[in-house]
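Chemist: query05.cif is reproduced in full below (mmCIF, C-alpha atoms).
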```cif
data_data
loop_
_atom_site.group_PDB
_atom_site.id
_atom_site.type_symbol
_atom_site.label_atom_id
_atom_site.label_comp_id
_atom_site.auth_asym_id
_atom_site.auth_seq_id
_atom_site.Cartn_x
_atom_site.Cartn_y
_atom_site.Cartn_z
ATOM 1 C CA MET H 821 -27.736 10.412 75.737
ATOM 2 C CA ALA H 822 -29.255 7.178 74.450
ATOM 3 C CA GLY H 823 -29.611 4.185 76.737
ATOM 4 C CA LEU H 824 -29.336 0.437 76.393
ATOM 5 C CA ASN H 825 -30.808 -2.286 78.554
ATOM 6 C CA LEU H 826 -28.644 -5.328 79.168
ATOM 7 C CA ARG H 827 -29.641 -8.597 80.771
ATOM 8 C CA PHE H 828 -27.327 -10.513 83.090
ATOM 9 C CA THR H 829 -27.656 -13.656 85.114
ATOM 10 C CA GLU H 830 -27.523 -13.133 88.872
ATOM 11 C CA GLU H 831 -23.970 -14.507 88.880
ATOM 12 C CA GLU H 832 -22.897 -12.159 86.096
ATOM 13 C CA LEU H 833 -24.510 -9.233 87.854
ATOM 14 C CA ASP H 834 -22.725 -10.103 91.101
ATOM 15 C CA SER H 835 -19.404 -10.231 89.216
ATOM 16 C CA LEU H 836 -20.119 -6.913 87.531
ATOM 17 C CA ARG H 837 -21.040 -5.323 90.838
ATOM 18 C CA ALA H 838 -17.851 -6.634 92.493
ATOM 19 C CA ARG H 839 -15.538 -5.465 89.673
ATOM 20 C CA ALA H 840 -17.163 -2.050 89.474
ATOM 21 C CA GLU H 841 -16.886 -1.625 93.226
ATOM 22 C CA ALA H 842 -13.230 -2.740 93.166
ATOM 23 C CA GLU H 843 -12.490 -0.036 90.591
ATOM 24 C CA GLY H 844 -14.521 2.600 92.403
ATOM 25 C CA LYS H 845 -17.029 2.943 89.577
ATOM 26 C CA SER H 846 -20.736 2.549 89.226
ATOM 27 C CA MET H 847 -21.868 -0.588 87.420
ATOM 28 C CA GLN H 848 -23.114 1.599 84.574
ATOM 29 C CA ALA H 849 -19.764 3.390 84.197
ATOM 30 C CA PHE H 850 -17.861 0.110 84.426
ATOM 31 C CA ALA H 851 -20.058 -1.562 81.774
ATOM 32 C CA HIS H 852 -19.838 1.501 79.516
ATOM 33 C CA ASP H 853 -16.048 1.573 79.754
ATOM 34 C CA ALA H 854 -15.834 -2.177 79.069
ATOM 35 C CA VAL H 855 -17.936 -1.868 75.917
ATOM 36 C CA ILE H 856 -15.940 1.113 74.631
ATOM 37 C CA THR H 857 -12.684 -0.745 75.328
ATOM 38 C CA ALA H 858 -13.954 -3.779 73.396
ATOM 39 C CA ILE H 859 -14.968 -1.578 70.436
ATOM 40 C CA ASN H 860 -11.591 0.164 70.380
ATOM 41 C CA GLU H 861 -9.691 -3.127 70.653
ATOM 42 C CA HIS H 862 -11.684 -4.617 67.781
ATOM 43 C CA SER H 863 -10.898 -1.573 65.639
ATOM 44 C CA ARG H 864 -7.221 -1.752 66.559
ATOM 45 C CA LEU H 865 -7.003 -5.449 65.653
ATOM 46 C CA PHE H 866 -8.815 -4.849 62.357
ATOM 47 C CA ASN H 867 -6.442 -2.011 61.461
ATOM 48 C CA GLU H 868 -3.409 -4.139 62.327
ATOM 49 C CA ALA H 869 -4.704 -6.965 60.144
ATOM 50 C CA ALA H 870 -5.395 -4.588 57.250
ATOM 51 C CA ASP H 871 -1.903 -3.095 57.552
ATOM 52 C CA HIS H 872 -0.392 -6.584 57.561
ATOM 53 C CA VAL H 873 -2.314 -7.636 54.435
ATOM 54 C CA LEU H 874 -1.278 -4.454 52.631
ATOM 55 C CA LYS H 875 2.349 -4.989 53.600
ATOM 56 C CA VAL H 876 2.586 -8.643 52.551
ATOM 57 C CA SER H 877 0.729 -8.017 49.278
ATOM 58 C CA GLU H 878 2.570 -4.804 48.436
ATOM 59 C CA GLU H 879 4.744 -6.366 45.717
ATOM 60 C CA LEU H 880 1.822 -8.221 44.147
ATOM 61 C CA ASN H 881 -0.303 -5.087 44.164
ATOM 62 C CA ARG H 882 2.542 -3.144 42.562
ATOM 63 C CA ARG H 883 2.870 -5.713 39.771
ATOM 64 C CA LEU H 884 -0.890 -5.826 39.173
ATOM 65 C CA ALA H 885 -1.234 -2.052 38.966
#
```
Go through the file and emit its structure as structure tokens.
Modeler:
Amino acid sequence: MAGLNLRFTEEELDSLRARAEAEGKSMQAFAHDAVITAINEHSRLFNEAADHVLKVSEELNRRLA
């Protein structure tokens, strides 16, 4: 599996450590899950926006076809 180095301030690292510990995860697992969640949320929002644009332009697209 490929790796990635991330840089954090001491304060950020302390926060990461505390949240990971609170959830019973390693910092690596917590950071991994957070990144994957952010990717999935971005994809979900993009898909919702695309669906909305298609819906509101449906009549125009029909007339232009």
Chemist: Write out as a PDB file with C-alpha atoms, in the coordinates of the input which residues come within 12 Å of H:Asn825 when counting all atoms listed in the file, dropping same-chain ones fewer than 3 positions away.
Modeler:
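result.pdb was written with the following content:
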```pdb
ATOM      1  CA  ALA H 822     -29.255   7.178  74.450  1.00  0.00           C
ATOM      2  CA  PHE H 828     -27.327 -10.513  83.090  1.00  0.00           C
ATOM      3  CA  GLN H 848     -23.114   1.599  84.574  1.00  0.00           C
ATOM      4  CA  ALA H 851     -20.058  -1.562  81.774  1.00  0.00           C
ATOM      5  CA  HIS H 852     -19.838   1.501  79.516  1.00  0.00           C
TER       6      HIS H 852
END
```
Chemist: Evaluate the PyMOL selection byres ((chain H and resi 834-837) around 12) and record the selected residues as a PyMOL selection string, following the chain and residue labels used in the document.
Modeler: chain H and resi 827-833+838-852+854
Chemist: Can you report as AutoDock Vina command-line options the centre and edge lengths in Å, to one decimal, of an axis-aligned box around the listed atoms of stretch 849-854 of chain H padded with 3 Å on each side?
Modeler:
```
--center_x -17.9 --center_y 0.6 --center_z 81.7 --size_x 10.2 --size_y 11.6 --size_z 11.4
```
Chemist: In terms of the shortest atom-to-atom distance over all atoms listed in the file, which of H:Leu884, H:Val855, H:Leu865, H:Ala870 is closest to H:Leu824?
Modeler: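 Once distances to H:Leu824 are computed over all atoms listed in the file, the minimum belongs to H:Val855.
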Chemist: Please measure the separation of atom CA of H:Phe866 and atom CA of H:Arg883, giving the value in Å to one decimal.
Modeler: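 Here the two named atoms are 25.4 Å from each other.
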